[in-house]
file entry-v2.txt (compact mmCIF, C-alpha atoms)
# COMPACT_ATOMS: atom_id res chain seq x y z
CA MET D 132 76.84 17.65 -77.09
CA ALA D 133 80.23 16.56 -75.72
CA GLY D 134 80.85 20.10 -74.48
CA ILE D 135 77.53 20.15 -72.61
CA GLN D 136 78.19 16.78 -70.98
CA THR D 137 81.62 17.99 -69.85
CA ALA D 138 80.07 21.18 -68.43
CA LYS D 139 77.49 19.10 -66.57
CA LYS D 140 80.18 16.83 -65.14
CA ASP D 141 82.21 19.81 -63.95
CA LEU D 142 79.15 21.44 -62.35
CA ARG D 143 78.21 18.21 -60.56
CA LYS D 144 81.73 17.96 -59.15
CA ARG D 145 81.55 21.56 -57.94
CA MET D 146 78.12 21.06 -56.40
CA ARG D 147 79.20 17.90 -54.56
CA GLU D 148 81.93 19.96 -52.90
CA VAL D 149 79.42 22.71 -52.04
CA LEU D 150 76.92 20.25 -50.58
CA GLN D 151 79.54 18.61 -48.39
CA ARG D 152 80.22 21.97 -46.72
CA ILE D 153 76.60 22.79 -45.81
CA PRO D 154 76.00 22.34 -42.06
CA ALA D 155 73.41 19.70 -41.17
CA ASP D 156 71.37 22.18 -39.12
CA SER D 157 71.11 24.47 -42.17
CA ILE D 158 69.69 21.61 -44.23
CA VAL D 159 67.15 20.89 -41.47
CA THR D 160 66.08 24.55 -41.38
CA GLN D 161 65.88 24.85 -45.16
CA SER D 162 63.93 21.58 -45.39
CA LYS D 163 61.26 23.00 -43.07
CA THR D 164 61.11 26.24 -45.07
CA VAL D 165 60.74 24.43 -48.38
CA ALA D 166 58.13 22.00 -47.04
CA ASN D 167 55.97 24.82 -45.66
CA LYS D 168 56.27 26.71 -48.95
CA LEU D 169 55.18 23.61 -50.84
CA PHE D 170 52.23 23.00 -48.52
CA ALA D 171 50.97 26.53 -49.20
CA LEU D 172 50.85 26.02 -52.97
CA PRO D 173 47.27 25.63 -54.28
CA ASP D 174 48.56 23.09 -56.82
CA TYR D 175 49.90 20.92 -54.01
CA GLN D 176 46.72 21.30 -51.98
CA ARG D 177 44.60 20.22 -54.99
CA ALA D 178 46.83 17.31 -55.99
CA LYS D 179 45.41 13.88 -55.23
CA ARG D 180 48.22 11.72 -56.63
CA ILE D 181 51.80 12.87 -56.16
CA GLY D 182 55.26 11.47 -56.79
CA VAL D 183 57.89 12.31 -54.16
CA TYR D 184 61.59 11.55 -54.14
CA LEU D 185 62.88 10.01 -50.94
CA SER D 186 65.88 11.94 -49.70
CA MET D 187 69.44 10.91 -48.97
CA PRO D 188 70.55 11.09 -45.33
CA SER D 189 72.81 14.11 -46.01
CA GLY D 190 73.53 16.77 -48.62
CA GLU D 191 69.93 17.03 -49.77
CA LEU D 192 66.66 18.59 -48.66
CA SER D 193 64.62 16.13 -46.62
CA THR D 194 61.21 15.05 -47.96
CA THR D 195 60.09 13.14 -44.85
CA ALA D 196 57.71 15.93 -43.76
CA ILE D 197 56.27 16.07 -47.29
CA VAL D 198 55.54 12.34 -47.34
CA GLU D 199 53.95 12.62 -43.90
CA ASP D 200 51.79 15.62 -44.83
CA ALA D 201 50.63 14.06 -48.10
CA LEU D 202 49.60 10.81 -46.44
CA LYS D 203 47.90 12.67 -43.58
CA ASN D 204 45.87 14.64 -46.11
CA HIS D 205 44.78 11.46 -47.91
CA LYS D 206 46.88 12.00 -51.03
CA GLN D 207 48.10 8.93 -52.85
CA VAL D 208 51.88 8.98 -52.64
CA PHE D 209 54.15 7.34 -55.21
CA VAL D 210 57.90 6.96 -54.70
CA PRO D 211 60.73 6.10 -57.10
CA TYR D 212 61.70 2.48 -57.64
CA ILE D 213 64.79 1.82 -59.75
CA HIS D 214 65.02 -1.49 -61.58
CA SER D 215 66.56 -3.03 -64.69
CA ILE D 216 64.80 -3.94 -67.92
CA GLU D 217 66.02 -5.46 -71.17
CA THR D 218 65.71 -3.13 -74.14
CA THR D 219 63.79 -4.49 -77.14
CA THR D 220 66.33 -3.18 -79.66
CA THR D 221 69.73 -4.05 -78.15
CA HIS D 222 68.58 -6.69 -75.62
CA GLN D 223 70.86 -5.07 -73.07
CA LYS D 224 69.96 -4.31 -69.47
CA THR D 225 69.23 -0.69 -68.61
CA SER D 226 68.06 0.95 -65.38
CA VAL D 227 64.69 2.71 -65.34
CA MET D 228 62.50 4.38 -62.75
CA ASP D 229 58.91 3.55 -61.91
CA MET D 230 56.70 5.39 -59.42
CA LEU D 231 55.09 2.94 -57.01
CA ALA D 232 52.54 3.57 -54.26
CA LEU D 233 53.58 4.09 -50.65
CA ASP D 234 50.69 3.09 -48.40
CA SER D 235 51.47 4.53 -44.98
CA MET D 236 53.95 6.42 -42.84
CA GLU D 237 54.61 3.18 -40.97
CA GLU D 238 55.67 1.57 -44.23
CA PHE D 239 57.87 4.56 -45.04
CA MET D 240 59.63 4.36 -41.66
CA ALA D 241 60.31 0.65 -42.19
CA LEU D 242 61.91 1.04 -45.63
CA GLU D 243 65.46 -0.26 -45.95
CA PRO D 244 68.14 2.18 -47.19
CA ASP D 245 69.79 1.46 -50.52
CA ARG D 246 73.53 1.88 -51.17
CA TRP D 247 73.12 5.69 -51.16
CA GLY D 248 71.19 5.59 -47.88
CA ILE D 249 67.88 6.37 -49.61
CA PRO D 250 64.82 4.58 -48.15
CA SER D 251 63.69 2.19 -50.89
CA LEU D 252 61.10 -0.47 -51.64
CA THR D 253 62.45 -4.00 -51.97
CA GLN D 254 61.95 -6.07 -55.10
CA ALA D 255 59.42 -8.19 -53.24
CA GLN D 256 57.46 -5.12 -52.09
CA ALA D 257 57.49 -3.63 -55.58
CA GLN D 258 55.67 -6.63 -57.03
CA SER D 259 52.52 -5.84 -55.04
CA LYS D 260 52.55 -2.04 -55.28
CA LYS D 261 50.24 0.06 -57.42
CA ASN D 262 52.06 1.63 -60.35
CA CYS D 263 51.31 5.25 -61.26
CA PHE D 264 50.68 4.05 -64.84
CA GLY D 265 47.94 1.75 -63.58
CA GLY D 266 48.05 -1.88 -62.59
CA THR D 267 50.29 -3.49 -60.04
CA GLY D 268 54.04 -3.97 -59.88
CA ILE D 269 56.70 -3.14 -62.43
CA SER D 270 55.03 -2.15 -65.68
CA ALA D 271 57.56 -1.17 -68.31
CA ALA D 272 54.86 -0.70 -70.95
CA VAL D 273 51.38 -0.24 -69.51
CA ASN D 274 48.88 0.88 -72.13
CA LYS D 275 46.71 3.75 -70.99
CA GLY D 276 43.10 2.75 -70.78
CA THR D 277 43.76 -0.97 -70.22
CA THR D 278 42.77 -0.70 -66.56
CA SER D 279 39.87 0.94 -64.78
CA ASP D 280 42.10 1.84 -61.83
CA PRO D 281 43.02 5.51 -61.32
CA SER D 282 46.32 6.30 -62.97
CA GLY D 283 48.70 9.16 -63.65
CA LEU D 284 50.13 11.80 -61.34
CA ASP D 285 49.06 15.36 -60.56
CA LEU D 286 52.43 16.56 -59.26
CA ILE D 287 55.99 15.31 -58.89
CA VAL D 288 58.42 16.58 -56.25
CA MET D 289 61.84 16.32 -57.93
CA PRO D 290 65.41 16.29 -56.63
CA GLY D 291 68.50 17.61 -58.38
CA MET D 292 72.09 18.69 -57.89
CA ALA D 293 71.66 22.26 -59.15
CA PHE D 294 68.99 24.58 -60.51
CA ASP D 295 68.75 28.05 -62.01
CA PRO D 296 66.04 30.76 -61.96
CA SER D 297 65.10 29.84 -65.55
CA PHE D 298 63.81 26.47 -64.25
CA ARG D 299 66.66 24.37 -65.62
CA ARG D 300 67.60 21.35 -63.55
CA LEU D 301 70.84 19.39 -63.26
CA GLY D 302 70.18 15.82 -62.14
CA HIS D 303 72.61 13.31 -60.69
CA GLY D 304 73.60 12.05 -64.13
CA LYS D 305 71.53 8.87 -64.47
CA GLY D 306 68.66 10.49 -66.38
CA TYR D 307 65.97 8.68 -64.40
CA TYR D 308 63.50 11.58 -64.16
CA ASP D 309 63.99 12.84 -67.72
CA SER D 310 63.49 9.31 -69.07
CA PHE D 311 60.46 8.77 -66.84
CA LEU D 312 58.82 11.98 -68.07
CA THR D 313 59.48 11.10 -71.71
CA ARG D 314 57.91 7.71 -71.05
CA TYR D 315 55.00 9.43 -69.26
CA LEU D 316 54.39 11.62 -72.30
CA ARG D 317 54.38 8.54 -74.55
CA TRP D 318 51.93 6.84 -72.17
CA GLU D 319 49.64 9.88 -72.34
CA ALA D 320 49.73 9.74 -76.14
CA GLU D 321 48.54 6.14 -76.01
CA GLY D 322 45.36 7.47 -74.42
CA GLY D 323 44.35 8.96 -77.75
CA THR D 324 44.70 12.64 -76.85
CA ASP D 325 47.00 15.30 -78.23
CA THR D 326 47.38 17.12 -74.90
CA ARG D 327 50.67 17.18 -72.97
CA ASN D 328 49.09 16.21 -69.68
CA ILE D 329 52.37 16.07 -67.78
CA PRO D 330 52.28 16.35 -63.96
CA LEU D 331 53.28 19.66 -62.43
CA LEU D 332 57.03 19.42 -61.81
CA VAL D 333 58.14 20.94 -58.51
CA ALA D 334 61.87 21.02 -57.74
CA LEU D 335 63.21 21.51 -54.22
CA SER D 336 66.52 23.33 -53.88
CA LEU D 337 68.84 24.29 -51.09
CA GLU D 338 69.84 27.94 -51.35
CA GLU D 339 73.37 26.80 -52.22
CA GLN D 340 72.08 24.68 -55.13
CA THR D 341 70.42 27.54 -57.02
CA LEU D 342 72.79 29.28 -59.41
CA SER D 343 72.89 33.04 -59.61
CA PRO D 344 72.60 34.80 -63.01
CA PRO D 345 74.25 34.95 -65.42
CA GLU D 346 75.33 31.35 -64.72
CA GLU D 347 72.92 28.76 -66.13
CA ILE D 348 72.52 25.00 -66.04
CA PRO D 349 73.84 23.43 -69.28
CA VAL D 350 71.00 21.47 -70.89
CA THR D 351 70.16 19.42 -73.97
CA ASN D 352 66.84 18.79 -75.71
CA HIS D 353 66.33 15.71 -73.53
CA ASP D 354 66.38 17.70 -70.27
CA TRP D 355 63.00 18.65 -68.84
CA PRO D 356 62.55 22.08 -67.22
CA VAL D 357 60.62 22.25 -63.97
CA ASP D 358 57.46 24.28 -63.42
CA ILE D 359 58.09 25.47 -59.87
CA LEU D 360 61.35 25.94 -58.00
CA VAL D 361 61.07 26.09 -54.21
CA VAL D 362 64.28 27.31 -52.57
CA GLY D 363 65.44 27.02 -48.98
CA ASP D 364 65.84 30.80 -48.68
CA ASP D 365 62.01 31.14 -48.90
CA ARG D 366 61.86 31.83 -52.65
CA CYS D 367 59.22 30.18 -54.81
CA LEU D 368 59.62 30.68 -58.56
CA VAL D 369 56.76 29.71 -60.89
CA ARG D 370 57.11 29.15 -64.64
CA GLN D 371 54.28 29.87 -67.05
CA ARG D 372 53.21 26.52 -68.55

call {"tool": "encode", "arguments": {"input": "entry-v2.txt", "output": "structure tokens"}}
result
Amino acid sequence: MAGIQTAKKDLRKRMREVLQRIPADSIVTQSKTVANKLFALPDYQRAKRIGVYLSMPSGELSTTAIVEDALKNHKQVFVPYIHSIETTTTHQKTSVMDMLALDSMEEFMALEPDRWGIPSLTQAQAQSKKNCFGGTGISAAVNKGTTSDPSGLDLIVMPGMAFDPSFRRLGHGKGYYDSFLTRYLRWEAEGGTDTRNIPLLVALSLEEQTLSPPEEIPVTNHDWPVDILVVGDDRCLVRQR
């Protein structure tokens, strides 16, 4: 395990250096390519409820066009909201991610950037937002079936620092998405079914972020693979689920 964590740390450092060297106009071009590729996917077209990461101002594919297209096509859009909760076992604070509803493009454009420059909901806004697990606001433990409101997600557009053609993903090191998906699976189980009804996981990658074989992303059992990898060089790789 220690060896894998060291390998991940080294790869993140290397990728940060790579991302810093990518010209801004290349990221703009690749963002358009990836967005158009995503829009053409039947799974995206069918999806009614989607989670979308909101992009950093540099060094990452932009998701602004995706948010705009989804809202225009009457999809319900949910965006990450990071907050702290107290664990029941250790009573220590830990950061977790919820997916909360974004109601309009006007609201998106008015979001305040966080310390990384990512447009983010405020704590006050989060309290009145629909949660993808059902209900309103921050719901660390919503029981499936306790609300008649629509819940769940059909598709999640995921970020990452690096990817490989075998659908492995290297996150930024906080584990927000992996933890969220594990929690999502537990929430599904509370619904009384044995099915793994996990949303389709679509990762967006700059060409420079996708490793070439034989190099692979180092992973552990806690790391979730993605289902579709859309790359800025016009590739779209699909994993058999």

call {"tool": "closest_residue", "arguments": {"input": "entry-v2.txt", "among": "D:Ala138, D:Val183, D:Arg147, D:Ala241", "to": "His303 (chain D)", "atoms": "all atoms listed in the file"}}
result
D:Arg147

call {"tool": "residues_around", "arguments": {"input": "entry-v2.txt", "residues": "Leu342 (chain D)", "least_positions_apart": "6", "cutoff": "8 Å", "atoms": "only C-alpha atoms", "output": "list in words"}}
result
Ala293, Phe294, Asp295, Pro296 and Ile348 of chain D

call {"tool": "atom_distance", "arguments": {"input": "entry-v2.txt", "atom1": "CA of Leu312 (chain D)", "atom2": "CA of Pro330 (chain D)"}}
result
8.9 Å

call {"tool": "closest_residue", "arguments": {"input": "entry-v2.txt", "among": "D:Ala201, D:Leu286, D:Ile249, D:Ala155", "to": "Leu332 (chain D)", "atoms": "all atoms listed in the file"}}
result
D:Leu286

call {"tool": "atom_distance", "arguments": {"input": "entry-v2.txt", "atom1": "CA of Tyr307 (chain D)", "atom2": "CA of Met228 (chain D)"}}
result
5.8 Å

call {"tool": "closest_residue", "arguments": {"input": "entry-v2.txt", "among": "D:Pro173, D:Pro281, D:Pro290, D:Gly302", "to": "Pro349 (chain D)", "atoms": "all atoms listed in the file"}}
result
D:Gly302

call {"tool": "atom_distance", "arguments": {"input": "entry-v2.txt", "atom1": "CA of Ser336 (chain D)", "atom2": "CA of Glu237 (chain D)"}}
result
26.7 Å

call {"tool": "closest_residue", "arguments": {"input": "entry-v2.txt", "among": "D:Asp285, D:Asp364, D:Asp229, D:Glu339", "to": "Ile153 (chain D)", "atoms": "all atoms listed in the file"}}
result
D:Glu339

call {"tool": "residues_around", "arguments": {"input": "entry-v2.txt", "residues": "region 143-146 of chain D", "least_positions_apart": "3", "cutoff": "8 Å", "atoms": "all atoms listed in the file", "output": "PyMOL selection string"}}
result
chain D and resi 139-140+149-150+292-293+301+303+340

call {"tool": "closest_residue", "arguments": {"input": "entry-v2.txt", "among": "D:Lys168, D:Glu191, D:Gly265, D:Gln136", "to": "Asp156 (chain D)", "atoms": "all atoms listed in the file"}}
result
D:Glu191

call {"tool": "closest_residue", "arguments": {"input": "entry-v2.txt", "among": "D:Asn352, D:Ser310, D:Gln254, D:Gln371", "to": "Ser297 (chain D)", "atoms": "all atoms listed in the file"}}
result
D:Gln371

call {"tool": "residues_around", "arguments": {"input": "entry-v2.txt", "residues": "region 192-200 of chain D", "least_positions_apart": "5", "cutoff": "10 Å", "atoms": "only C-alpha atoms", "output": "VMD selection string"}}
result
chain D and resid 157 to 163 165 to 167 169 to 170 181 to 187 205 to 210 233 235 to 237 239 to 240 288 290 to 291 335 to 337 362 to 363

call {"tool": "write_last_selection", "arguments": {"input": "entry-v2.txt", "atoms": "C-alpha atoms", "output": "compact mmCIF listing (two decimals), keeping the file's coordinate frame"}}
result
# COMPACT_ATOMS: atom_id res chain seq x y z
CA SER D 157 71.11 24.47 -42.17
CA ILE D 158 69.69 21.61 -44.23
CA VAL D 159 67.15 20.89 -41.47
CA THR D 160 66.08 24.55 -41.38
CA GLN D 161 65.88 24.85 -45.16
CA SER D 162 63.93 21.58 -45.39
CA LYS D 163 61.26 23.00 -43.07
CA VAL D 165 60.74 24.43 -48.38
CA ALA D 166 58.13 22.00 -47.04
CA ASN D 167 55.97 24.82 -45.66
CA LEU D 169 55.18 23.61 -50.84
CA PHE D 170 52.23 23.00 -48.52
CA ILE D 181 51.80 12.87 -56.16
CA GLY D 182 55.26 11.47 -56.79
CA VAL D 183 57.89 12.31 -54.16
CA TYR D 184 61.59 11.55 -54.14
CA LEU D 185 62.88 10.01 -50.94
CA SER D 186 65.88 11.94 -49.70
CA MET D 187 69.44 10.91 -48.97
CA HIS D 205 44.78 11.46 -47.91
CA LYS D 206 46.88 12.00 -51.03
CA GLN D 207 48.10 8.93 -52.85
CA VAL D 208 51.88 8.98 -52.64
CA PHE D 209 54.15 7.34 -55.21
CA VAL D 210 57.90 6.96 -54.70
CA LEU D 233 53.58 4.09 -50.65
CA SER D 235 51.47 4.53 -44.98
CA MET D 236 53.95 6.42 -42.84
CA GLU D 237 54.61 3.18 -40.97
CA PHE D 239 57.87 4.56 -45.04
CA MET D 240 59.63 4.36 -41.66
CA VAL D 288 58.42 16.58 -56.25
CA PRO D 290 65.41 16.29 -56.63
CA GLY D 291 68.50 17.61 -58.38
CA LEU D 335 63.21 21.51 -54.22
CA SER D 336 66.52 23.33 -53.88
CA LEU D 337 68.84 24.29 -51.09
CA VAL D 362 64.28 27.31 -52.57
CA GLY D 363 65.44 27.02 -48.98

call {"tool": "residues_around", "arguments": {"input": "entry-v2.txt", "residues": "Ile359 (chain D)", "least_positions_apart": "6", "cutoff": "8 Å", "atoms": "all atoms listed in the file", "output": "JSON, numbers by chain"}}
result
{"D": [298, 331, 332, 333, 334, 367, 368, 369, 370]}
